$ cat entry26.cif   # mmCIF, C-alpha atoms and all ligand atoms
data_target
#
loop_
_atom_site.label_atom_id
_atom_site.label_comp_id
_atom_site.auth_asym_id
_atom_site.auth_seq_id
_atom_site.Cartn_x
_atom_site.Cartn_y
_atom_site.Cartn_z
CA MET A 1 -57.04 -156.93 -148.34
CA LYS A 2 -58.36 -153.61 -149.60
CA VAL A 3 -59.16 -152.43 -153.13
CA PHE A 4 -59.93 -148.95 -154.35
CA THR A 5 -61.96 -148.46 -157.56
CA THR A 6 -61.63 -145.14 -159.40
CA ARG A 7 -65.32 -145.21 -160.39
CA ILE A 8 -68.39 -147.23 -159.43
CA ILE A 9 -67.94 -150.64 -161.05
CA PRO A 10 -70.67 -153.03 -162.24
CA GLU A 11 -72.34 -155.24 -159.66
CA GLU A 12 -70.92 -158.61 -160.76
CA GLY A 13 -67.26 -157.65 -160.33
CA LEU A 14 -68.00 -155.97 -157.02
CA ALA A 15 -69.78 -159.09 -155.76
CA LEU A 16 -66.80 -161.30 -156.72
CA LEU A 17 -64.40 -159.09 -154.77
CA GLU A 18 -66.65 -158.95 -151.72
CA ARG A 19 -67.23 -162.71 -151.78
CA ALA A 20 -63.46 -163.15 -151.71
CA GLY A 21 -63.41 -161.18 -148.44
CA ILE A 22 -61.90 -158.06 -150.01
CA THR A 23 -62.88 -154.63 -148.69
CA VAL A 24 -63.83 -152.35 -151.59
CA THR A 25 -63.92 -148.56 -151.51
CA GLN A 26 -65.28 -146.79 -154.61
CA TRP A 27 -64.88 -143.25 -155.87
CA SER A 28 -68.48 -142.14 -156.37
CA GLU A 29 -68.11 -138.40 -156.99
CA PRO A 30 -69.03 -137.19 -160.50
CA ARG A 31 -65.66 -135.46 -160.96
CA GLU A 32 -62.15 -136.64 -161.69
CA MET A 33 -59.89 -137.19 -158.70
CA SER A 34 -56.89 -134.98 -158.24
CA LEU A 35 -53.44 -136.54 -158.22
CA GLU A 36 -53.22 -135.95 -154.46
CA GLU A 37 -56.55 -137.70 -153.84
CA MET A 38 -55.50 -140.62 -156.01
CA ILE A 39 -52.17 -140.98 -154.22
CA ALA A 40 -53.92 -140.91 -150.85
CA LYS A 41 -56.35 -143.64 -151.95
CA CYS A 42 -53.56 -145.79 -153.35
CA LYS A 43 -51.65 -145.46 -150.07
CA GLU A 44 -54.65 -146.70 -148.07
CA ASN A 45 -55.23 -149.77 -150.27
CA ASP A 46 -53.52 -152.95 -151.49
CA ALA A 47 -54.79 -152.84 -155.08
CA LEU A 48 -56.24 -150.34 -157.52
CA LEU A 49 -59.08 -151.21 -159.87
CA PHE A 50 -58.74 -148.51 -162.51
CA ALA A 51 -62.09 -147.83 -164.17
CA GLY A 52 -61.10 -144.54 -165.81
CA GLY A 53 -59.73 -141.21 -164.72
CA ARG A 54 -56.41 -139.45 -164.82
CA LYS A 55 -53.37 -140.92 -166.54
CA ILE A 56 -51.42 -143.48 -164.53
CA ASP A 57 -48.02 -141.89 -165.02
CA ARG A 58 -44.70 -142.25 -163.25
CA SER A 59 -45.54 -139.52 -160.71
CA LEU A 60 -48.50 -141.60 -159.52
CA LEU A 61 -46.81 -144.97 -159.88
CA GLU A 62 -43.93 -143.85 -157.63
CA HIS A 63 -46.49 -143.94 -154.78
CA CYS A 64 -47.89 -147.34 -155.81
CA ARG A 65 -44.90 -149.65 -155.30
CA HIS A 66 -46.73 -151.36 -152.44
CA LEU A 67 -49.79 -152.24 -154.61
CA LYS A 68 -50.17 -155.92 -155.43
CA ILE A 69 -51.79 -155.01 -158.75
CA ILE A 70 -53.35 -152.25 -160.83
CA SER A 71 -56.27 -153.96 -162.56
CA LEU A 72 -57.59 -151.99 -165.55
CA LEU A 73 -61.26 -152.18 -166.44
CA SER A 74 -60.41 -151.86 -170.14
CA VAL A 75 -58.61 -153.67 -172.88
CA GLY A 76 -56.59 -150.55 -173.78
CA TYR A 77 -53.65 -149.65 -171.57
CA ASP A 78 -52.36 -146.54 -173.32
CA ASN A 79 -53.38 -144.63 -170.17
CA VAL A 80 -50.60 -146.31 -168.19
CA ASP A 81 -46.86 -145.68 -168.28
CA LEU A 82 -46.14 -149.37 -168.68
CA LYS A 83 -42.37 -148.90 -168.68
CA ALA A 84 -42.50 -147.12 -165.32
CA ALA A 85 -44.89 -149.71 -163.86
CA THR A 86 -42.61 -152.55 -164.95
CA GLU A 87 -39.50 -150.82 -163.59
CA LEU A 88 -41.27 -150.24 -160.29
CA GLY A 89 -42.43 -153.87 -160.16
CA ILE A 90 -46.14 -153.10 -160.37
CA GLN A 91 -48.37 -155.68 -162.02
CA ILE A 92 -50.81 -154.26 -164.60
CA THR A 93 -53.70 -156.32 -166.01
CA ASN A 94 -56.52 -155.65 -168.50
CA THR A 95 -59.84 -157.15 -169.68
CA PRO A 96 -59.34 -158.45 -173.24
CA GLY A 97 -61.78 -160.50 -175.32
CA VAL A 98 -65.08 -159.89 -173.60
CA LEU A 99 -65.60 -156.45 -175.13
CA SER A 100 -64.80 -157.37 -178.73
CA ASN A 101 -68.43 -157.88 -179.82
CA ALA A 102 -69.78 -154.72 -178.18
CA THR A 103 -66.95 -152.56 -179.52
CA ALA A 104 -67.26 -153.98 -183.03
CA ASP A 105 -71.02 -153.37 -182.82
CA THR A 106 -70.29 -149.72 -182.08
CA ALA A 107 -68.11 -149.44 -185.19
CA PHE A 108 -70.85 -151.16 -187.22
CA LEU A 109 -73.47 -148.80 -185.81
CA LEU A 110 -71.33 -145.80 -186.75
CA MET A 111 -70.80 -147.11 -190.28
CA LEU A 112 -74.53 -147.36 -190.96
CA THR A 113 -75.33 -144.14 -189.11
CA VAL A 114 -72.89 -142.21 -191.29
CA ALA A 115 -73.88 -143.98 -194.52
CA ARG A 116 -77.54 -142.97 -194.01
CA LYS A 117 -76.83 -139.63 -192.24
CA ALA A 118 -79.05 -140.87 -189.41
CA PHE A 119 -77.93 -138.45 -186.67
CA PHE A 120 -78.26 -135.51 -189.08
CA HIS A 121 -81.86 -136.45 -189.97
CA HIS A 122 -82.71 -137.00 -186.32
CA LYS A 123 -81.41 -133.53 -185.43
CA ARG A 124 -83.46 -131.98 -188.27
CA ILE A 125 -86.66 -133.65 -187.08
CA ILE A 126 -86.08 -132.29 -183.57
CA LYS A 127 -85.82 -128.81 -185.14
CA GLY A 128 -89.14 -129.31 -187.00
CA GLU A 129 -87.37 -129.67 -190.36
CA TRP A 130 -89.03 -132.85 -191.66
CA GLY A 131 -89.72 -130.93 -194.86
CA PHE A 132 -90.88 -132.05 -198.29
CA SER A 133 -89.36 -135.38 -199.26
CA SER A 134 -88.34 -135.72 -202.92
CA PRO A 135 -86.62 -138.71 -204.58
CA THR A 136 -83.37 -136.80 -204.61
CA ALA A 137 -83.52 -135.63 -200.99
CA ASN A 138 -82.08 -137.24 -197.85
CA LEU A 139 -79.81 -139.55 -199.80
CA GLY A 140 -77.19 -141.66 -198.12
CA VAL A 141 -75.02 -144.38 -199.66
CA ASP A 142 -75.24 -148.19 -199.79
CA ILE A 143 -72.80 -150.40 -197.90
CA GLU A 144 -73.67 -153.69 -199.65
CA GLY A 145 -70.75 -155.20 -201.57
CA LYS A 146 -68.35 -152.36 -200.80
CA THR A 147 -64.78 -152.75 -199.54
CA LEU A 148 -64.14 -152.67 -195.80
CA GLY A 149 -60.59 -151.81 -194.82
CA ILE A 150 -59.60 -152.82 -191.31
CA TRP A 151 -56.58 -151.25 -189.69
CA GLY A 152 -55.73 -153.72 -186.93
CA LEU A 153 -57.31 -157.13 -187.58
CA GLY A 154 -57.20 -158.42 -184.00
CA ASN A 155 -60.12 -159.48 -181.83
CA ILE A 156 -62.32 -156.41 -182.36
CA GLY A 157 -61.36 -155.86 -186.01
CA SER A 158 -62.16 -159.51 -186.80
CA VAL A 159 -65.66 -159.24 -185.29
CA MET A 160 -66.28 -156.05 -187.28
CA ALA A 161 -65.13 -157.84 -190.45
CA GLN A 162 -67.37 -160.86 -189.71
CA ARG A 163 -70.38 -158.63 -189.11
CA CYS A 164 -69.79 -156.66 -192.32
CA ARG A 165 -69.21 -159.76 -194.41
CA ALA A 166 -72.32 -161.52 -193.09
CA ALA A 167 -74.62 -158.50 -193.29
CA PHE A 168 -73.36 -156.77 -196.44
CA ASP A 169 -71.12 -159.23 -198.27
CA MET A 170 -68.35 -156.67 -198.03
CA LYS A 171 -64.91 -157.39 -199.45
CA ILE A 172 -62.42 -157.36 -196.55
CA ILE A 173 -58.92 -155.95 -196.80
CA TYR A 174 -56.69 -155.34 -193.79
CA CYS A 175 -53.39 -153.87 -192.77
CA ASN A 176 -51.48 -155.36 -189.82
CA ARG A 177 -47.78 -155.42 -189.05
CA HIS A 178 -47.96 -159.20 -189.38
CA ARG A 179 -50.13 -161.28 -191.64
CA ASN A 180 -53.14 -162.93 -189.94
CA GLU A 181 -53.55 -166.07 -192.03
CA ALA A 182 -56.28 -167.59 -189.85
CA ALA A 183 -58.41 -164.48 -190.30
CA GLU A 184 -57.62 -164.38 -194.00
CA LYS A 185 -59.02 -167.89 -194.32
CA ALA A 186 -62.08 -167.29 -192.15
CA LEU A 187 -62.97 -163.94 -193.70
CA ASP A 188 -61.49 -164.28 -197.16
CA ALA A 189 -59.57 -161.16 -196.18
CA GLN A 190 -56.65 -159.74 -198.10
CA TRP A 191 -53.49 -158.34 -196.46
CA VAL A 192 -52.55 -154.98 -198.00
CA SER A 193 -50.07 -152.18 -197.36
CA PHE A 194 -51.16 -149.07 -195.46
CA ASP A 195 -51.28 -147.06 -198.70
CA GLU A 196 -53.39 -149.74 -200.40
CA LEU A 197 -55.72 -149.75 -197.41
CA LEU A 198 -56.16 -145.97 -197.76
CA GLU A 199 -56.64 -146.10 -201.52
CA GLN A 200 -59.02 -149.07 -201.75
CA SER A 201 -61.31 -148.82 -198.69
CA ASP A 202 -64.90 -147.60 -199.06
CA VAL A 203 -65.19 -147.89 -195.28
CA LEU A 204 -61.94 -147.73 -193.30
CA SER A 205 -62.34 -148.88 -189.71
CA VAL A 206 -59.60 -148.44 -187.10
CA HIS A 207 -59.18 -151.22 -184.51
CA THR A 208 -55.63 -150.89 -183.30
CA SER A 209 -54.24 -149.68 -179.99
CA LEU A 210 -52.72 -146.26 -179.44
CA THR A 211 -48.92 -146.47 -179.46
CA PRO A 212 -46.17 -144.07 -180.56
CA GLU A 213 -46.33 -145.79 -183.99
CA THR A 214 -50.10 -145.42 -184.41
CA LYS A 215 -50.40 -141.90 -182.94
CA GLU A 216 -52.02 -139.55 -185.51
CA LYS A 217 -51.42 -142.09 -188.27
CA PHE A 218 -54.61 -140.76 -189.86
CA ASN A 219 -53.45 -137.29 -190.75
CA LYS A 220 -53.50 -134.92 -193.70
CA ALA A 221 -51.28 -137.17 -195.83
CA ALA A 222 -53.34 -140.28 -195.05
CA PHE A 223 -56.74 -138.66 -195.66
CA ALA A 224 -55.43 -137.27 -198.97
CA LYS A 225 -54.90 -140.84 -200.21
CA MET A 226 -58.44 -142.00 -199.38
CA LYS A 227 -61.40 -142.10 -201.79
CA PRO A 228 -63.62 -138.99 -201.86
CA SER A 229 -66.50 -141.41 -201.17
CA ALA A 230 -64.78 -143.07 -198.17
CA ILE A 231 -66.15 -143.33 -194.65
CA PHE A 232 -63.59 -143.23 -191.81
CA ILE A 233 -64.54 -145.05 -188.59
CA ASN A 234 -62.58 -144.88 -185.33
CA ALA A 235 -63.84 -146.86 -182.33
CA ALA A 236 -60.32 -147.45 -180.98
CA ARG A 237 -58.54 -144.34 -179.64
CA GLY A 238 -58.96 -140.68 -180.60
CA GLY A 239 -55.20 -140.15 -180.62
CA ILE A 240 -54.94 -142.32 -183.74
CA HIS A 241 -56.39 -139.58 -185.93
CA ASN A 242 -55.53 -135.91 -186.14
CA GLU A 243 -58.84 -134.14 -185.58
CA THR A 244 -57.88 -130.89 -187.36
CA ASP A 245 -56.81 -132.87 -190.41
CA LEU A 246 -60.01 -134.95 -190.27
CA ILE A 247 -62.14 -131.79 -190.22
CA ALA A 248 -60.22 -130.39 -193.20
CA ALA A 249 -60.52 -133.70 -195.12
CA LEU A 250 -64.31 -133.66 -194.64
CA GLU A 251 -64.68 -129.96 -195.41
CA THR A 252 -62.71 -130.23 -198.65
CA GLY A 253 -64.41 -133.46 -199.75
CA GLN A 254 -61.23 -135.54 -199.54
CA ILE A 255 -63.35 -138.12 -197.71
CA TRP A 256 -67.14 -138.38 -197.48
CA GLY A 257 -67.90 -139.15 -193.86
CA ALA A 258 -66.65 -140.14 -190.43
CA GLY A 259 -67.98 -142.06 -187.45
CA LEU A 260 -66.14 -141.59 -184.18
CA ASP A 261 -66.64 -143.33 -180.86
CA VAL A 262 -63.38 -141.79 -179.71
CA THR A 263 -62.21 -138.22 -180.11
CA ASN A 264 -59.07 -136.24 -179.56
CA PRO A 265 -59.40 -134.82 -176.95
CA GLU A 266 -62.20 -136.46 -174.93
CA PRO A 267 -64.67 -135.07 -174.20
CA MET A 268 -65.16 -133.40 -177.58
CA HIS A 269 -65.97 -129.69 -177.28
CA PRO A 270 -69.67 -129.05 -178.13
CA ASP A 271 -68.58 -126.36 -180.64
CA ASN A 272 -66.53 -128.83 -182.66
CA PRO A 273 -67.48 -128.42 -186.38
CA LEU A 274 -67.64 -132.21 -186.77
CA LEU A 275 -70.88 -132.17 -184.78
CA GLN A 276 -72.57 -130.03 -187.43
CA MET A 277 -71.59 -132.13 -190.43
CA PRO A 278 -74.37 -134.26 -192.03
CA THR A 279 -72.04 -137.19 -192.74
CA VAL A 280 -70.44 -137.32 -189.30
CA ALA A 281 -71.61 -139.28 -186.26
CA VAL A 282 -69.93 -138.94 -182.88
CA LEU A 283 -70.47 -141.08 -179.77
CA PRO A 284 -69.00 -140.51 -176.28
CA HIS A 285 -66.62 -143.53 -176.16
CA ILE A 286 -69.34 -146.13 -175.53
CA GLY A 287 -67.61 -149.02 -177.34
CA SER A 288 -67.91 -151.49 -174.47
CA ALA A 289 -70.82 -149.81 -172.69
CA THR A 290 -73.46 -152.52 -172.51
CA VAL A 291 -74.76 -154.06 -169.29
CA GLU A 292 -73.51 -157.52 -170.24
CA THR A 293 -70.09 -156.43 -171.44
CA ARG A 294 -69.33 -154.10 -168.56
CA ASN A 295 -70.37 -156.82 -166.09
CA ALA A 296 -68.06 -159.28 -167.87
CA MET A 297 -65.22 -156.74 -167.78
CA SER A 298 -65.75 -156.13 -164.07
CA ARG A 299 -65.65 -159.88 -163.37
CA ILE A 300 -62.35 -160.20 -165.21
CA ALA A 301 -60.87 -157.15 -163.47
CA ALA A 302 -61.94 -158.67 -160.12
CA GLN A 303 -60.49 -162.10 -161.03
CA ASN A 304 -57.15 -160.49 -161.83
CA ILE A 305 -57.12 -158.87 -158.39
CA ILE A 306 -58.14 -162.03 -156.56
CA ALA A 307 -55.41 -164.02 -158.33
CA ALA A 308 -52.80 -161.40 -157.39
CA PHE A 309 -53.92 -161.45 -153.73
CA GLU A 310 -53.76 -165.26 -153.70
CA GLY A 311 -50.26 -165.25 -155.17
CA GLN A 312 -51.51 -166.99 -158.33
CA PRO A 313 -50.52 -166.03 -161.91
CA VAL A 314 -52.88 -163.25 -163.01
CA PRO A 315 -55.09 -164.26 -165.98
CA ASN A 316 -54.56 -161.10 -168.03
CA PRO A 317 -51.12 -159.55 -167.50
CA VAL A 318 -49.98 -156.70 -169.73
CA ASN A 319 -46.52 -156.50 -168.14
CA HIS A 320 -44.18 -158.94 -166.29
C1 LIG B 401 -61.20 -150.21 -173.64
O1 LIG B 401 -61.53 -151.20 -172.98
O2 LIG B 401 -60.04 -149.96 -173.94
C2 LIG B 401 -62.30 -149.29 -174.02
O3 LIG B 401 -61.95 -148.42 -175.04
C3 LIG B 401 -62.70 -148.49 -172.81
O4 LIG B 401 -61.67 -147.61 -172.52
#

$ encode --input "entry26.cif" --output "structure tokens"
Amino acid sequence: MKVFTTRIIPEEGLALLERAGITVTQWSEPREMSLEEMIAKCKENDALLFAGGRKIDRSLLEHCRHLKIISLLSVGYDNVDLKAATELGIQITNTPGVLSNATADTAFLLMLTVARKAFFHHKRIIKGEWGFSSPTANLGVDIEGKTLGIWGLGNIGSVMAQRCRAAFDMKIIYCNRHRNEAAEKALDAQWVSFDELLEQSDVLSVHTSLTPETKEKFNKAAFAKMKPSAIFINAARGGIHNETDLIAALETGQIWGAGLDVTNPEPMHPDNPLLQMPTVAVLPHIGSATVETRNAMSRIAAQNIIAAFEGQPVPNPVNH
């Protein structure tokens, strides 16, 4: 059996595949593959381990009917036309759970970075602008005791809430389609409407997936309802906020700051005004990017493939 990986994957997943007698070919060039190259690779192999790259749309999937599985090295699957994959009988799997801590840590990092304007100060020091420090200079804001609003209290959102409660005794409110009573009990969290989430959050952290319903949910109207002191955090998907509206909300003081691990589009253009704002911190989608987490993700992606090759139920299906 042969597997193609769209990027170099971490050692532990690779070793699992090879130990199972699977031949692995990896895309190692530092550029995205063209559609033609991707189709050719899919045709030569029995499974695809998708570790990033172009969208897996119907035009690609039409050439993938023979694949036993497309195993995603991610929890998110917004990059795949799931309807087309299901219609064409192609199994899609993902890597949930193991990246919750690392991704929540990224949101937590962004919250503190924005609150204390850390990236802004770092950039000033590089430019030789340490300057004269007075009691009224370089001021950020406290997080202790403030209200954390979570949009999407699932695995990652719950870890973020736990971290914030333990470290800063934050009050937790959340907005989900359905009530999460277990989390409410564990975190003393309160279920609120979307408008209440906007109006009450001091820090509003997004942890939901990108779907037609969540696309650009954080737009002009939403930012207008937030506190002028609020910090907006998105470590989920850039498509969930409207970047032009976010820039305007920050420029006009409708909200105070923003921390983004995901942007819209990615990569963010270096001239983007967000990068010059003192109360903004941007990271290049590193939510799950730790050695331990990426190794764990690669093991799960490999296990999904091995199960599919052995005719066993795959551990992490997202369709079928
Ligand atoms: C995920 O796993 O979905 C991360 O955001 C990486 O894409």

$ residues_near_ligand --input "entry26.cif" --ligand "ligand LIG 401 (chain B)" --cutoff "6 Å" --atoms "all atoms listed in the file" --output "VMD selection string"
chain A and resid 74 to 76

$ closest_residue --input "entry26.cif" --among "A:Trp151, A:Glu310, A:Arg165, A:Arg31" --to "His178 in chain A" --atoms "all atoms listed in the file"
A:Trp151

$ residues_around --input "entry26.cif" --residues "Lys117 in chain A" --least-positions-apart "5" --cutoff "7 Å" --atoms "all atoms listed in the file" --output "list in words"
Gly140, Pro278 and Thr279 of chain A

$ write_last_selection --input "entry26.cif" --atoms "C-alpha atoms" --output "PDB file, keeping the file's coordinate frame"
ATOM      1  CA  GLY A 140     -77.190-141.660-198.120  1.00  0.00           C
ATOM      2  CA  PRO A 278     -74.370-134.260-192.030  1.00  0.00           C
ATOM      3  CA  THR A 279     -72.040-137.190-192.740  1.00  0.00           C
TER       4      THR A 279
END

$ closest_residue --input "entry26.cif" --among "A:Lys2, A:Arg7, A:His241, A:Lys83" --to "Asp46 in chain A" --atoms "only C-alpha atoms"
A:Lys2

$ closest_residue --input "entry26.cif" --among "A:Asn219, A:Thr93, A:Ser28, A:Ser34" --to "Ile306 in chain A" --atoms "all atoms listed in the file"
A:Thr93

$ atom_distance --input "entry26.cif" --atom1 "CA of Gly131 in chain A" --atom2 "CA of Pro273 in chain A"
23.9 Å

$ atom_distance --input "entry26.cif" --atom1 "CA of Asn155 in chain A" --atom2 "CA of Ala167 in chain A"
18.5 Å

$ atom_distance --input "entry26.cif" --atom1 "CA of Pro212 in chain A" --atom2 "CA of Thr293 in chain A"
28.4 Å

$ closest_residue --input "entry26.cif" --among "A:Ala248, A:Ile300, A:Ala104, A:Pro228" --to "Val206 in chain A" --atoms "all atoms listed in the file"
A:Ala104

$ closest_residue --input "entry26.cif" --among "A:Leu109, A:Ile286, A:Ile305, A:Val318" --to "Ser71 in chain A" --atoms "all atoms listed in the file"
A:Ile305

$ closest_residue --input "entry26.cif" --among "A:Val280, A:Leu148, A:Ala289, A:Ala107" --to "His207 in chain A" --atoms "all atoms listed in the file"
A:Ala107

$ residues_around --input "entry26.cif" --residues "range 189-201 of chain A" --least-positions-apart "4" --cutoff "9 Å" --atoms "only C-alpha atoms" --output "number ranges by chain"
A: 146-151, 161, 171-176, 179-181, 183-185, 222-227, 230-231

$ build_atoms --input "entry26.cif" --residues "range 292-320 of chain A" --atoms "N, CA and C atoms" --output "mmCIF file, in the coordinates of the input"
data_model
loop_
_atom_site.group_PDB
_atom_site.id
_atom_site.type_symbol
_atom_site.label_atom_id
_atom_site.label_comp_id
_atom_site.auth_asym_id
_atom_site.auth_seq_id
_atom_site.Cartn_x
_atom_site.Cartn_y
_atom_site.Cartn_z
ATOM 1 N N GLU A 292 -74.154 -156.204 -170.245
ATOM 2 C CA GLU A 292 -73.510 -157.520 -170.240
ATOM 3 C C GLU A 292 -71.994 -157.396 -170.308
ATOM 4 N N THR A 293 -71.547 -156.535 -171.228
ATOM 5 C CA THR A 293 -70.090 -156.430 -171.440
ATOM 6 C C THR A 293 -69.397 -155.794 -170.244
ATOM 7 N N ARG A 294 -69.994 -154.737 -169.704
ATOM 8 C CA ARG A 294 -69.330 -154.100 -168.560
ATOM 9 C C ARG A 294 -69.336 -155.015 -167.338
ATOM 10 N N ASN A 295 -70.380 -155.838 -167.184
ATOM 11 C CA ASN A 295 -70.370 -156.820 -166.090
ATOM 12 C C ASN A 295 -69.257 -157.832 -166.312
ATOM 13 N N ALA A 296 -69.124 -158.299 -167.559
ATOM 14 C CA ALA A 296 -68.060 -159.280 -167.870
ATOM 15 C C ALA A 296 -66.690 -158.662 -167.612
ATOM 16 N N MET A 297 -66.514 -157.407 -168.006
ATOM 17 C CA MET A 297 -65.220 -156.740 -167.780
ATOM 18 C C MET A 297 -64.936 -156.612 -166.284
ATOM 19 N N SER A 298 -65.971 -156.304 -165.521
ATOM 20 C CA SER A 298 -65.750 -156.130 -164.070
ATOM 21 C C SER A 298 -65.410 -157.463 -163.413
ATOM 22 N N ARG A 299 -65.989 -158.557 -163.925
ATOM 23 C CA ARG A 299 -65.650 -159.880 -163.370
ATOM 24 C C ARG A 299 -64.178 -160.201 -163.650
ATOM 25 N N ILE A 300 -63.744 -159.904 -164.859
ATOM 26 C CA ILE A 300 -62.350 -160.200 -165.210
ATOM 27 C C ILE A 300 -61.389 -159.330 -164.402
ATOM 28 N N ALA A 301 -61.730 -158.053 -164.261
ATOM 29 C CA ALA A 301 -60.870 -157.150 -163.470
ATOM 30 C C ALA A 301 -60.790 -157.657 -162.027
ATOM 31 N N ALA A 302 -61.919 -158.145 -161.489
ATOM 32 C CA ALA A 302 -61.940 -158.670 -160.120
ATOM 33 C C ALA A 302 -61.114 -159.964 -160.033
ATOM 34 N N GLN A 303 -61.249 -160.832 -161.037
ATOM 35 C CA GLN A 303 -60.490 -162.100 -161.030
ATOM 36 C C GLN A 303 -58.985 -161.850 -161.063
ATOM 37 N N ASN A 304 -58.578 -160.839 -161.806
ATOM 38 C CA ASN A 304 -57.150 -160.490 -161.830
ATOM 39 C C ASN A 304 -56.671 -160.088 -160.438
ATOM 40 N N ILE A 305 -57.488 -159.321 -159.743
ATOM 41 C CA ILE A 305 -57.120 -158.870 -158.390
ATOM 42 C C ILE A 305 -57.069 -160.057 -157.422
ATOM 43 N N ILE A 306 -58.080 -160.887 -157.487
ATOM 44 C CA ILE A 306 -58.140 -162.030 -156.560
ATOM 45 C C ILE A 306 -56.924 -162.936 -156.774
ATOM 46 N N ALA A 307 -56.582 -163.179 -158.047
ATOM 47 C CA ALA A 307 -55.410 -164.020 -158.330
ATOM 48 C C ALA A 307 -54.146 -163.386 -157.743
ATOM 49 N N ALA A 308 -54.009 -162.072 -157.916
ATOM 50 C CA ALA A 308 -52.800 -161.400 -157.390
ATOM 51 C C ALA A 308 -52.748 -161.513 -155.861
ATOM 52 N N PHE A 309 -53.877 -161.355 -155.206
ATOM 53 C CA PHE A 309 -53.920 -161.450 -153.730
ATOM 54 C C PHE A 309 -53.605 -162.874 -153.266
ATOM 55 N N GLU A 310 -54.007 -163.850 -154.086
ATOM 56 C CA GLU A 310 -53.760 -165.260 -153.700
ATOM 57 C C GLU A 310 -52.382 -165.750 -154.119
ATOM 58 N N GLY A 311 -51.608 -164.858 -154.736
ATOM 59 C CA GLY A 311 -50.260 -165.250 -155.170
ATOM 60 C C GLY A 311 -50.277 -166.163 -156.384
ATOM 61 N N GLN A 312 -51.386 -166.167 -157.119
ATOM 62 C CA GLN A 312 -51.510 -166.990 -158.330
ATOM 63 C C GLN A 312 -51.110 -166.152 -159.555
ATOM 64 N N PRO A 313 -50.773 -166.799 -160.688
ATOM 65 C CA PRO A 313 -50.520 -166.030 -161.910
ATOM 66 C C PRO A 313 -51.809 -165.276 -162.304
ATOM 67 N N VAL A 314 -51.663 -164.005 -162.642
ATOM 68 C CA VAL A 314 -52.880 -163.250 -163.010
ATOM 69 C C VAL A 314 -53.316 -163.675 -164.417
ATOM 70 N N PRO A 315 -54.631 -163.786 -164.663
ATOM 71 C CA PRO A 315 -55.090 -164.260 -165.980
ATOM 72 C C PRO A 315 -54.758 -163.314 -167.141
ATOM 73 N N ASN A 316 -54.717 -162.027 -166.907
ATOM 74 C CA ASN A 316 -54.560 -161.100 -168.030
ATOM 75 C C ASN A 316 -53.457 -160.064 -167.820
ATOM 76 N N PRO A 317 -52.204 -160.504 -167.731
ATOM 77 C CA PRO A 317 -51.120 -159.550 -167.500
ATOM 78 C C PRO A 317 -50.830 -158.722 -168.752
ATOM 79 N N VAL A 318 -50.502 -157.458 -168.573
ATOM 80 C CA VAL A 318 -49.980 -156.700 -169.730
ATOM 81 C C VAL A 318 -48.520 -156.329 -169.521
ATOM 82 N N ASN A 319 -47.974 -156.611 -168.343
ATOM 83 C CA ASN A 319 -46.520 -156.500 -168.140
ATOM 84 C C ASN A 319 -46.094 -157.689 -167.270
ATOM 85 N N HIS A 320 -44.826 -157.843 -167.046
ATOM 86 C CA HIS A 320 -44.180 -158.940 -166.290
ATOM 87 C C HIS A 320 -44.296 -160.283 -166.993
#
